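Reproduced below: data28.tsv, with TSV, C-alpha atoms.
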chain	number	residue	atom	x	y	z
A	11	MET	CA	135.27	107.34	123.73
A	12	SER	CA	135.90	107.46	120.05
A	13	THR	CA	134.00	104.69	118.36
A	14	VAL	CA	133.66	104.95	114.60
A	15	THR	CA	131.91	102.54	112.30
A	16	VAL	CA	134.31	101.12	109.76
A	17	ASN	CA	133.07	98.73	107.07
A	18	GLY	CA	130.10	98.06	109.34
A	19	VAL	CA	132.21	97.33	112.42
A	20	ALA	CA	132.15	99.57	115.52
A	21	THR	CA	135.83	100.36	115.99
A	22	HIS	CA	137.53	101.87	119.03
A	23	VAL	CA	140.04	104.58	118.14
A	24	GLN	CA	142.28	106.72	120.32
A	25	GLU	CA	144.38	109.64	119.18
A	26	ILE	CA	147.11	111.27	121.27
A	27	GLY	CA	149.76	113.93	120.70
A	28	SER	CA	150.18	116.35	117.82
A	29	GLY	CA	152.44	116.67	114.80
A	30	ALA	CA	152.91	114.52	111.70
A	31	PRO	CA	150.42	111.61	111.82
A	32	VAL	CA	151.41	108.07	112.80
A	33	VAL	CA	148.96	105.17	112.70
A	34	MET	CA	149.69	102.09	114.84
A	35	ALA	CA	148.21	98.60	114.46
A	36	HIS	CA	148.50	95.82	117.05
A	37	GLY	CA	148.74	92.02	116.85
A	38	LEU	CA	146.03	89.35	116.98
A	39	LEU	CA	144.42	87.64	119.99
A	40	ILE	CA	146.21	89.21	122.94
A	41	GLY	CA	146.76	92.63	121.33
A	42	SER	CA	144.71	95.81	121.59
A	43	LEU	CA	145.50	99.45	121.09
A	44	ALA	CA	146.82	99.37	124.66
A	45	SER	CA	149.78	97.36	123.30
A	46	TRP	CA	151.03	100.60	121.73
A	47	TYR	CA	149.40	103.13	124.08
A	48	PHE	CA	151.54	102.06	127.05
A	49	THR	CA	154.70	101.52	125.01
A	50	ALA	CA	155.99	103.29	121.89
A	51	GLY	CA	152.71	105.13	121.23
A	52	ALA	CA	153.00	107.35	124.29
A	53	GLU	CA	156.63	108.07	123.42
A	54	LEU	CA	155.89	108.94	119.76
A	55	ALA	CA	153.05	111.21	120.90
A	56	ARG	CA	155.66	113.73	122.09
A	57	GLU	CA	156.32	114.60	118.42
A	58	HIS	CA	153.48	113.02	116.46
A	59	ARG	CA	149.73	112.81	116.20
A	60	VAL	CA	149.42	109.11	117.06
A	61	ARG	CA	146.24	107.29	116.02
A	62	MET	CA	145.76	103.82	117.50
A	63	TYR	CA	142.78	101.53	117.07
A	64	ASP	CA	141.51	98.16	118.19
A	65	LEU	CA	141.44	95.73	115.26
A	66	ARG	CA	138.00	94.17	114.70
A	67	GLY	CA	137.37	91.51	117.34
A	68	HIS	CA	139.89	93.01	119.75
A	69	GLY	CA	139.91	95.43	122.69
A	70	ARG	CA	136.77	97.59	122.70
A	71	SER	CA	135.94	97.12	119.02
A	72	ALA	CA	133.07	94.89	117.93
A	73	ARG	CA	133.74	91.24	117.07
A	74	PRO	CA	132.33	90.27	113.67
A	75	SER	CA	132.57	86.60	112.70
A	76	THR	CA	134.73	87.19	109.62
A	77	GLY	CA	137.36	89.48	108.11
A	78	TYR	CA	140.61	88.79	109.95
A	79	ASP	CA	142.68	88.42	106.76
A	80	THR	CA	145.11	91.24	106.03
A	81	THR	CA	143.21	92.44	102.96
A	82	THR	CA	139.99	93.05	104.92
A	83	LEU	CA	141.93	94.50	107.85
A	84	ALA	CA	143.89	96.79	105.51
A	85	GLY	CA	140.51	97.93	104.18
A	86	ASP	CA	139.50	98.80	107.76
A	87	LEU	CA	142.78	100.69	108.16
A	88	GLY	CA	142.16	102.62	104.95
A	89	ALA	CA	138.66	103.64	106.02
A	90	LEU	CA	139.94	104.69	109.44
A	91	THR	CA	142.58	106.99	107.94
A	92	GLU	CA	140.62	108.59	105.08
A	93	ASP	CA	140.78	111.98	106.79
A	94	LEU	CA	144.57	111.94	107.24
A	95	PRO	CA	147.27	113.30	104.95
A	96	PRO	CA	149.95	110.70	104.06
A	97	PHE	CA	151.01	109.13	107.36
A	98	ASP	CA	153.62	106.93	108.96
A	99	LEU	CA	152.46	103.41	109.66
A	100	VAL	CA	153.63	101.07	112.43
A	101	GLY	CA	152.41	97.51	112.99
A	102	HIS	CA	153.18	94.69	115.39
A	103	SER	CA	152.86	91.03	114.36
A	104	TRP	CA	149.64	90.58	112.31
A	105	GLY	CA	149.24	94.36	112.50
A	106	GLY	CA	152.63	94.58	110.75
A	107	LEU	CA	151.32	92.39	107.92
A	108	VAL	CA	148.20	94.56	107.70
A	109	ALA	CA	150.45	97.63	107.50
A	110	LEU	CA	152.56	95.99	104.78
A	111	ARG	CA	149.45	95.02	102.79
A	112	PHE	CA	148.16	98.59	103.06
A	113	ALA	CA	151.50	100.16	102.07
A	114	LEU	CA	151.81	97.84	99.04
A	115	ALA	CA	148.30	98.76	97.88
A	116	HIS	CA	148.48	102.49	98.72
A	117	PRO	CA	152.07	103.72	98.50
A	118	ASP	CA	150.78	107.27	98.04
A	119	ARG	CA	149.09	107.17	101.47
A	120	VAL	CA	152.11	106.00	103.52
A	121	ARG	CA	155.24	108.06	104.27
A	122	ARG	CA	157.21	105.46	106.17
A	123	LEU	CA	156.48	101.90	107.21
A	124	ALA	CA	157.77	100.27	110.42
A	125	ILE	CA	157.09	96.57	110.90
A	126	VAL	CA	157.69	94.90	114.24
A	127	GLU	CA	157.76	91.10	114.52
A	128	ALA	CA	155.58	90.32	111.50
A	129	PRO	CA	155.35	86.51	111.14
A	130	MET	CA	156.41	84.98	107.82
A	131	PRO	CA	154.96	83.11	106.10
A	132	PRO	CA	151.73	84.58	107.47
A	133	SER	CA	149.75	81.37	106.97
A	134	ALA	CA	151.97	79.53	109.49
A	135	ALA	CA	151.83	82.27	112.14
A	136	ILE	CA	149.57	80.53	114.63
A	137	ASP	CA	150.40	76.89	113.85
A	138	ASP	CA	154.13	77.55	114.26
A	139	LEU	CA	153.49	78.98	117.67
A	140	MET	CA	151.20	76.17	118.77
A	141	GLY	CA	152.42	73.04	117.03
A	142	GLY	CA	149.30	72.76	114.88
A	143	ASP	CA	146.84	72.32	117.77
A	144	VAL	CA	144.74	75.45	117.69
A	145	SER	CA	142.45	74.74	120.61
A	146	PRO	CA	141.78	77.60	123.01
A	147	GLU	CA	143.55	75.58	125.71
A	148	ASN	CA	146.71	75.22	123.66
A	149	LEU	CA	146.53	78.84	122.64
A	150	LEU	CA	146.50	79.89	126.27
A	151	ALA	CA	149.42	77.55	126.97
A	152	ALA	CA	151.44	79.34	124.27
A	153	LEU	CA	151.14	82.73	125.97
A	154	PRO	CA	154.10	84.66	127.30
A	155	GLU	CA	155.06	83.63	130.85
A	156	SER	CA	153.71	86.77	132.53
A	157	LEU	CA	150.29	86.44	130.92
A	158	ARG	CA	150.11	82.74	131.67
A	159	ALA	CA	150.66	83.50	135.35
A	160	ALA	CA	147.88	86.11	135.24
A	161	VAL	CA	145.47	83.73	133.52
A	162	ALA	CA	146.19	81.04	136.10
A	163	THR	CA	144.74	83.24	138.86
A	164	GLY	CA	141.27	82.78	137.35
A	165	LYS	CA	140.19	86.23	138.54
A	166	ARG	CA	138.56	89.12	136.63
A	167	GLN	CA	141.38	89.92	134.19
A	168	ALA	CA	141.99	86.24	133.52
A	169	ALA	CA	138.32	85.47	132.97
A	170	ARG	CA	137.86	88.38	130.58
A	171	PHE	CA	141.02	87.59	128.69
A	172	VAL	CA	140.19	83.92	128.29
A	173	SER	CA	136.66	84.68	127.14
A	174	THR	CA	137.98	87.05	124.45
A	175	VAL	CA	140.53	84.58	123.11
A	176	VAL	CA	138.10	81.67	123.20
A	177	ALA	CA	135.44	83.72	121.39
A	178	LEU	CA	137.90	84.76	118.68
A	179	VAL	CA	139.07	81.19	118.14
A	180	ARG	CA	135.66	79.46	118.36
A	181	ASP	CA	133.25	82.04	117.00
A	182	THR	CA	135.17	83.79	114.23
A	183	SER	CA	137.09	82.89	111.08
A	184	LEU	CA	140.34	84.23	112.58
A	185	ILE	CA	142.28	80.95	112.62
A	186	ALA	CA	141.04	79.94	109.16
A	187	ASP	CA	141.82	83.43	107.83
A	188	VAL	CA	145.39	83.20	109.15
A	189	ARG	CA	145.86	79.75	107.57
A	190	ARG	CA	144.57	81.02	104.20
A	191	GLU	CA	146.65	84.20	104.24
A	192	PRO	CA	148.78	84.58	101.10
A	193	THR	CA	152.45	85.53	101.49
A	194	PRO	CA	152.89	89.17	100.48
A	195	ASP	CA	155.25	90.09	97.66
A	196	ALA	CA	157.21	92.81	99.41
A	197	THR	CA	159.68	93.31	96.53
A	198	SER	CA	157.36	95.89	95.01
A	199	LEU	CA	157.21	98.03	98.17
A	200	ARG	CA	157.84	101.70	97.32
A	201	VAL	CA	157.84	103.12	100.82
A	202	PRO	CA	160.87	103.57	103.15
A	203	ALA	CA	160.74	100.62	105.53
A	204	MET	CA	162.13	99.59	108.89
A	205	PHE	CA	161.89	96.17	110.52
A	206	ALA	CA	162.45	95.22	114.15
A	207	TYR	CA	162.61	91.67	115.50
A	208	GLY	CA	163.58	90.08	118.79
A	209	ASP	CA	166.73	87.99	119.04
A	210	ARG	CA	164.77	85.29	120.90
A	211	SER	CA	161.74	85.37	118.60
A	212	SER	CA	160.82	82.46	116.32
A	213	CYS	CA	159.78	85.15	113.80
A	214	LEU	CA	163.35	86.43	113.33
A	215	PRO	CA	164.45	84.16	110.42
A	216	GLY	CA	161.31	85.02	108.41
A	217	GLY	CA	161.83	88.67	109.27
A	218	ARG	CA	165.35	88.63	107.91
A	219	GLU	CA	164.07	87.21	104.61
A	220	LEU	CA	161.28	89.75	104.43
A	221	ALA	CA	163.58	92.71	105.11
A	222	ALA	CA	166.08	91.40	102.55
A	223	GLN	CA	163.40	91.62	99.82
A	224	ILE	CA	163.19	95.38	100.16
A	225	PRO	CA	166.09	97.47	98.89
A	226	GLY	CA	167.29	99.95	101.51
A	227	ALA	CA	165.15	98.54	104.33
A	228	GLN	CA	166.60	98.74	107.83
A	229	LEU	CA	166.55	95.65	110.02
A	230	HIS	CA	167.07	95.98	113.77
A	231	VAL	CA	167.44	92.95	116.00
A	232	LEU	CA	166.74	93.84	119.63
A	233	ALA	CA	167.06	91.80	122.81
A	234	GLY	CA	163.65	90.22	123.35
A	235	GLY	CA	160.96	87.88	122.06
A	236	HIS	CA	157.84	88.30	119.93
A	237	TYR	CA	156.33	90.90	122.28
A	238	LEU	CA	159.16	93.29	121.51
A	239	HIS	CA	157.15	96.43	122.36
A	240	LEU	CA	157.17	95.11	125.95
A	241	ASP	CA	160.54	93.33	126.04
A	242	ALA	CA	162.49	96.22	124.49
A	243	ARG	CA	160.04	99.02	125.25
A	244	ALA	CA	162.45	101.96	125.49
A	245	GLU	CA	164.78	100.88	122.71
A	246	LEU	CA	161.99	100.12	120.24
A	247	ALA	CA	160.34	103.47	120.99
A	248	ARG	CA	163.65	105.25	120.38
A	249	LEU	CA	164.28	103.39	117.09
A	250	LEU	CA	160.77	104.15	115.84
A	251	GLY	CA	161.16	107.80	116.84
A	252	ASP	CA	164.47	108.08	114.96
A	253	PHE	CA	163.14	106.30	111.88
A	254	LEU	CA	159.96	108.38	111.66
A	255	ARG	CA	161.85	111.61	112.26
A	256	GLY	CA	164.46	110.88	109.57
B	22	MET	CA	138.72	120.32	144.46
B	23	SER	CA	139.91	118.24	147.41
B	24	ASN	CA	141.78	114.96	147.07
B	25	ASP	CA	138.71	113.17	148.37
B	26	GLU	CA	136.54	114.78	145.70
B	27	ILE	CA	139.07	113.80	143.01
B	28	LEU	CA	139.01	110.23	144.35
B	29	ARG	CA	135.19	110.08	144.11
B	30	VAL	CA	135.35	111.28	140.48
B	31	ILE	CA	137.95	108.60	139.69
B	32	GLU	CA	135.68	106.02	141.31
B	33	ALA	CA	132.73	107.15	139.17
B	34	CYS	CA	134.88	107.01	136.01
B	35	LEU	CA	136.10	103.52	136.94
B	36	VAL	CA	132.52	102.32	137.29
B	37	GLU	CA	131.61	103.85	133.92
B	38	VAL	CA	134.53	102.07	132.26
B	39	ALA	CA	134.46	98.69	133.97
B	40	GLY	CA	131.09	98.32	135.68
B	41	ASP	CA	129.95	98.56	139.29
B	42	GLU	CA	131.08	95.05	140.14
B	43	LEU	CA	134.40	96.78	140.77
B	44	LEU	CA	132.92	98.04	144.05
B	45	ILE	CA	131.86	94.64	145.35
B	46	ALA	CA	134.97	94.35	147.48
B	47	GLY	CA	134.25	97.74	149.06
B	48	PRO	CA	134.78	101.41	148.23
B	49	ILE	CA	137.84	102.52	146.34
B	50	THR	CA	140.57	104.05	148.52
B	51	PRO	CA	143.93	105.72	147.76
B	52	ALA	CA	145.62	102.36	148.39
B	53	THR	CA	143.50	100.52	145.81
B	54	SER	CA	145.69	99.11	143.02
B	55	LEU	CA	144.24	99.35	139.50
B	56	ASN	CA	145.81	96.06	138.55
B	57	ALA	CA	146.16	93.89	141.65
B	58	ASP	CA	142.90	94.94	143.37
B	59	LEU	CA	140.54	96.06	140.59
B	60	GLU	CA	142.04	93.82	137.90
B	61	LEU	CA	141.52	96.43	135.19
B	62	GLU	CA	142.49	95.31	131.69
B	63	SER	CA	145.04	97.51	129.92
B	64	ILE	CA	142.40	98.61	127.40
B	65	GLU	CA	140.15	99.65	130.30
B	66	LEU	CA	142.99	101.78	131.67
B	67	VAL	CA	143.12	103.53	128.28
B	68	ALA	CA	139.37	104.17	128.50
B	69	LEU	CA	139.77	105.43	132.08
B	70	ALA	CA	142.50	107.86	131.00
B	71	GLU	CA	140.19	109.25	128.31
B	72	LYS	CA	137.34	109.69	130.81
B	73	LEU	CA	139.61	111.45	133.32
B	74	GLN	CA	140.86	113.79	130.61
B	75	GLN	CA	137.29	114.62	129.58
B	76	ARG	CA	136.36	115.23	133.21
B	77	PHE	CA	139.41	117.19	134.35
B	78	GLY	CA	140.52	118.87	131.13
B	79	SER	CA	143.49	118.77	128.84
B	80	GLN	CA	145.91	120.00	131.52
B	81	VAL	CA	145.75	116.44	132.87
B	82	ASP	CA	148.34	114.96	130.50
B	83	PHE	CA	147.90	111.30	131.35
B	84	VAL	CA	149.83	110.08	128.30
B	85	GLY	CA	152.83	112.30	129.05
B	86	TRP	CA	152.79	111.11	132.66
B	87	ILE	CA	152.54	107.44	131.65
B	88	SER	CA	155.31	107.74	129.06
B	89	LYS	CA	157.80	108.61	131.81
B	90	LYS	CA	156.95	105.52	133.85
B	91	GLU	CA	158.40	102.03	133.58
B	92	LEU	CA	155.97	99.23	132.76
B	93	ASP	CA	156.17	97.80	136.29
B	94	GLN	CA	155.30	101.24	137.68
B	95	ILE	CA	152.27	101.41	135.40
B	96	ILE	CA	151.21	97.92	136.49
B	97	ALA	CA	151.59	98.94	140.16
B	98	LEU	CA	149.55	102.19	139.82
B	99	THR	CA	147.25	103.00	142.73
B	100	VAL	CA	144.21	105.26	142.86
B	101	GLY	CA	146.17	107.46	145.31
B	102	GLU	CA	148.90	108.07	142.72
B	103	LEU	CA	146.23	109.04	140.18
B	104	VAL	CA	144.67	111.45	142.70
B	105	GLU	CA	148.04	113.02	143.41
B	106	PHE	CA	148.85	113.35	139.70
B	107	ILE	CA	145.49	114.94	138.86
B	108	GLY	CA	145.78	117.25	141.87
B	109	SER	CA	149.24	118.39	140.72
B	110	CYS	CA	147.91	119.26	137.22
B	111	ARG	CA	145.15	121.54	138.47
B	112	PRO	CA	145.34	125.06	139.86
Could I get this file's structure written as structure tokens?
Amino acid sequence: MSTVTVNGVATHVQEIGSGAPVVMAHGLLIGSLASWYFTAGAELAREHRVRMYDLRGHGRSARPSTGYDTTTLAGDLGALTEDLPPFDLVGHSWGGLVALRFALAHPDRVRRLAIVEAPMPPSAAIDDLMGGDVSPENLLAALPESLRAAVATGKRQAARFVSTVVALVRDTSLIADVRREPTPDATSLRVPAMFAYGDRSSCLPGGRELAAQIPGAQLHVLAGGHYLHLDARAELARLLGDFLRG
Amino acid sequence: MSNDEILRVIEACLVEVAGDELLIAGPITPATSLNADLELESIELVALAEKLQQRFGSQVDFVGWISKKELDQIIALTVGELVEFIGSCRP
């Protein structure tokens, strides 16, 4: 396994495929690099060198108690990609905001930026989803239907999943970091950008506003909800492939 | 390498990735489902794929194989399908 220490945090990284480099970041709480590995990542690996990693606190990376804001996470991303020439960057949800933060700060490092279902304003991301009650119980109740069913079984996967989410909510600054997150000023973005949102996602209106701030940005609205990499797996992979090839 | 030998290597890799409590319900067989029976997490399946590649070599293109499958096929994967795939990649 590829574990590298990034800003003091043991971070799980996987790289697949060969070609021009693409770096992919996943969303908070229920995300891991597997979110991309089994969806668009595997597809992009036919033409690209795809680097995916578990954000701190997620998947097989270590879980420090702080640093879930996009500035710290973009710092992790920068350290993880120091060896790469300028690369394409793809992010889902909070990972999309991390990607945006990185591209705004380091336009010379990013060739193209693809943002999937980034929540705007960032500070409302979790409260909007959960009606302001950020208890682990309510968080689990806000899961997609399929995951909720899995959690209800109470078996191995469910137990592990619940313990991860509960630990992130109770033992780290994640929720507080989200609530404190400043809204990015995307008008100064100097990197070609693509946005994808689901037609059933509560993030779509904010996504439209975000995309409209950036001259020349593409916005694609696909059939699906917030977990668009699952709901529109083939179509999103095709769109990303076309955008990164162009 | 016989299919049974491949299966025993997969079993060893599974234990390395997810711990030997996976074997509590009995030995792993071709019919064992990675999701329904073993309850592997998706990130553990990624780690398993990496282990299998290290063990069997780069001709085992797990990512290419996965990318051609629908999500429900990935979720329904059995150890037997993995054995068959690995067997088909090797001389």
Got a sec to pull out which chain A residues are within 8 Å of chain B, counting all atoms listed in the file, and send them as a PDB file with C-alpha atoms, in the frame of the given file?
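New file selection_2.pdb:
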ATOM      1  CA  MET A  11     135.270 107.340 123.730  1.00  0.00           C
ATOM      2  CA  ILE A  26     147.110 111.270 121.270  1.00  0.00           C
ATOM      3  CA  SER A  42     144.710  95.810 121.590  1.00  0.00           C
ATOM      4  CA  LEU A  43     145.500  99.450 121.090  1.00  0.00           C
ATOM      5  CA  ALA A  44     146.820  99.370 124.660  1.00  0.00           C
ATOM      6  CA  TYR A  47     149.400 103.130 124.080  1.00  0.00           C
ATOM      7  CA  PHE A  48     151.540 102.060 127.050  1.00  0.00           C
ATOM      8  CA  THR A  49     154.700 101.520 125.010  1.00  0.00           C
ATOM      9  CA  ALA A  52     153.000 107.350 124.290  1.00  0.00           C
ATOM     10  CA  GLU A  53     156.630 108.070 123.420  1.00  0.00           C
ATOM     11  CA  ARG A  56     155.660 113.730 122.090  1.00  0.00           C
ATOM     12  CA  GLY A  69     139.910  95.430 122.690  1.00  0.00           C
ATOM     13  CA  ARG A  70     136.770  97.590 122.700  1.00  0.00           C
ATOM     14  CA  LYS A 165     140.190  86.230 138.540  1.00  0.00           C
ATOM     15  CA  ARG A 166     138.560  89.120 136.630  1.00  0.00           C
ATOM     16  CA  GLN A 167     141.380  89.920 134.190  1.00  0.00           C
TER      17      GLN A 167
END
### Task
For CA of Ala244 in chain A and CA of Arg158 in chain A, quote the distance in Å rounded to one decimal.
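Going from CA of Ala244 in chain A over to CA of Arg158 in chain A covers 23.7 Å.
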### Message
Can you pull out the residues contacting Thr91 in chain A? Cut-off 10 Å, using all atoms listed in the file, and skip same-chain residues under 4 positions away; I want them as an MDAnalysis selection string.
### Response
chainID A and resid 31 33 61 86:87 95:97 119
Using the selection just defined, write its residues with C-alpha atoms as a PDB file, keeping the file's coordinate frame.
ATOM      1  CA  PRO A  31     150.420 111.610 111.820  1.00  0.00           C
ATOM      2  CA  VAL A  33     148.960 105.170 112.700  1.00  0.00           C
ATOM      3  CA  ARG A  61     146.240 107.290 116.020  1.00  0.00           C
ATOM      4  CA  ASP A  86     139.500  98.800 107.760  1.00  0.00           C
ATOM      5  CA  LEU A  87     142.780 100.690 108.160  1.00  0.00           C
ATOM      6  CA  PRO A  95     147.270 113.300 104.950  1.00  0.00           C
ATOM      7  CA  PRO A  96     149.950 110.700 104.060  1.00  0.00           C
ATOM      8  CA  PHE A  97     151.010 109.130 107.360  1.00  0.00           C
ATOM      9  CA  ARG A 119     149.090 107.170 101.470  1.00  0.00           C
TER      10      ARG A 119
END
### Message
Which residues are close to Asp187 in chain A, i.e. within 12 Å by all atoms listed in the file, leaving aside same-chain residues fewer than 5 positions away? Reply as a ChimeraX atom specification.
### Response
/A:38,75-83,104,132-136,178-179,182,192
Taking C-alpha atoms for each residue, export the selection above as a CSV table (one decimal), keeping the file's coordinate frame.
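Below you can see part12.csv, which holds the result:
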chain,number,residue,atom,x,y,z
A,38,LEU,CA,146.0,89.4,117.0
A,75,SER,CA,132.6,86.6,112.7
A,76,THR,CA,134.7,87.2,109.6
A,77,GLY,CA,137.4,89.5,108.1
A,78,TYR,CA,140.6,88.8,110.0
A,79,ASP,CA,142.7,88.4,106.8
A,80,THR,CA,145.1,91.2,106.0
A,81,THR,CA,143.2,92.4,103.0
A,82,THR,CA,140.0,93.0,104.9
A,83,LEU,CA,141.9,94.5,107.8
A,104,TRP,CA,149.6,90.6,112.3
A,132,PRO,CA,151.7,84.6,107.5
A,133,SER,CA,149.8,81.4,107.0
A,134,ALA,CA,152.0,79.5,109.5
A,135,ALA,CA,151.8,82.3,112.1
A,136,ILE,CA,149.6,80.5,114.6
A,178,LEU,CA,137.9,84.8,118.7
A,179,VAL,CA,139.1,81.2,118.1
A,182,THR,CA,135.2,83.8,114.2
A,192,PRO,CA,148.8,84.6,101.1
### Query
What is the CA of Leu214 in chain A to CA of Glu127 in chain A distance in Å?
7.4 Å
### Task
Write out as a ChimeraX atom specification which residues come within 6 Å of Ala124 in chain A when counting only C-alpha atoms, dropping same-chain ones fewer than 2 positions away.
/A:100,203-205
Output the selection as a PDB file, in the frame of the given file - C-alpha atoms for each residue.
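Done, and the output landed in part-v1.pdb:
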ATOM      1  CA  VAL A 100     153.630 101.070 112.430  1.00  0.00           C
ATOM      2  CA  ALA A 203     160.740 100.620 105.530  1.00  0.00           C
ATOM      3  CA  MET A 204     162.130  99.590 108.890  1.00  0.00           C
ATOM      4  CA  PHE A 205     161.890  96.170 110.520  1.00  0.00           C
TER       5      PHE A 205
END
#### Entry: Selection: 10 Å around range 238-243 of chain A, all atoms listed in the file, excl. self and same-chain fewer than 6 positions, as a PyMOL selection string
(chain A and resi 45-46+48-51+53+102-103+126-127+206-211+231-232) or (chain B and resi 91-92)
What are the centre and the three edge lengths of an axis-aligned box that wraps all atoms of range 72-75 of chain A in the file, given that 8 Å is added to every side, written as lines of an AutoDock Vina configuration file and rounded to one decimal in Å?
center_x = 133.0
center_y = 90.7
center_z = 115.3
size_x = 17.4
size_y = 24.3
size_z = 21.2
### Task
Write out as a PyMOL selection string the residues lying within 9 Å of Val32 in chain A, counting all atoms listed in the file and excluding same-chain residues fewer than 6 positions away.
chain A and resi 54-55+58-62+97-100+254
#### Entry: Atom pair CA of Met34 in chain A / CA of Pro74 in chain A: separation (Å)
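Between CA of Met34 in chain A and CA of Pro74 in chain A the gap works out to 21.0 Å.
Among the candidates B:Leu44, B:Ile31, B:Leu55, B:Val38, the residue lying nearest to Glu105 in chain B is B:Ile31 (atoms considered: all atoms listed in the file).
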### Query
Which of these residues is nearest to Gly106 in chain A, using only C-alpha atoms: A:Ala84, A:Ile40, A:Leu250, A:Leu149?
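Once distances to Gly106 in chain A are computed over only C-alpha atoms, the minimum belongs to A:Ala84.
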### Message
Nearest residue to Asn24 in chain B out of B:Val104, B:Leu73, B:Cys110, B:Ile45, using only C-alpha atoms?
### Response
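Going through B:Val104, B:Leu73, B:Cys110, B:Ile45 one by one, the smallest distance to Asn24 in chain B is for B:Val104.
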### Summary
Of B:Arg29, B:Arg76, B:Cys34, B:Thr99, the one nearest to Pro48 in chain B when counting all atoms listed in the file is B:Arg29
### Task
Would you list the residues near (155.2, 104.3, 101.3), meaning any protein, DNA or RNA residue with an atom at most 12 Å from that point in file coordinates, counting all atoms listed in the file, as an MDAnalysis selection string?
chainID A and resid 96:100 109:124 196 198:204 227
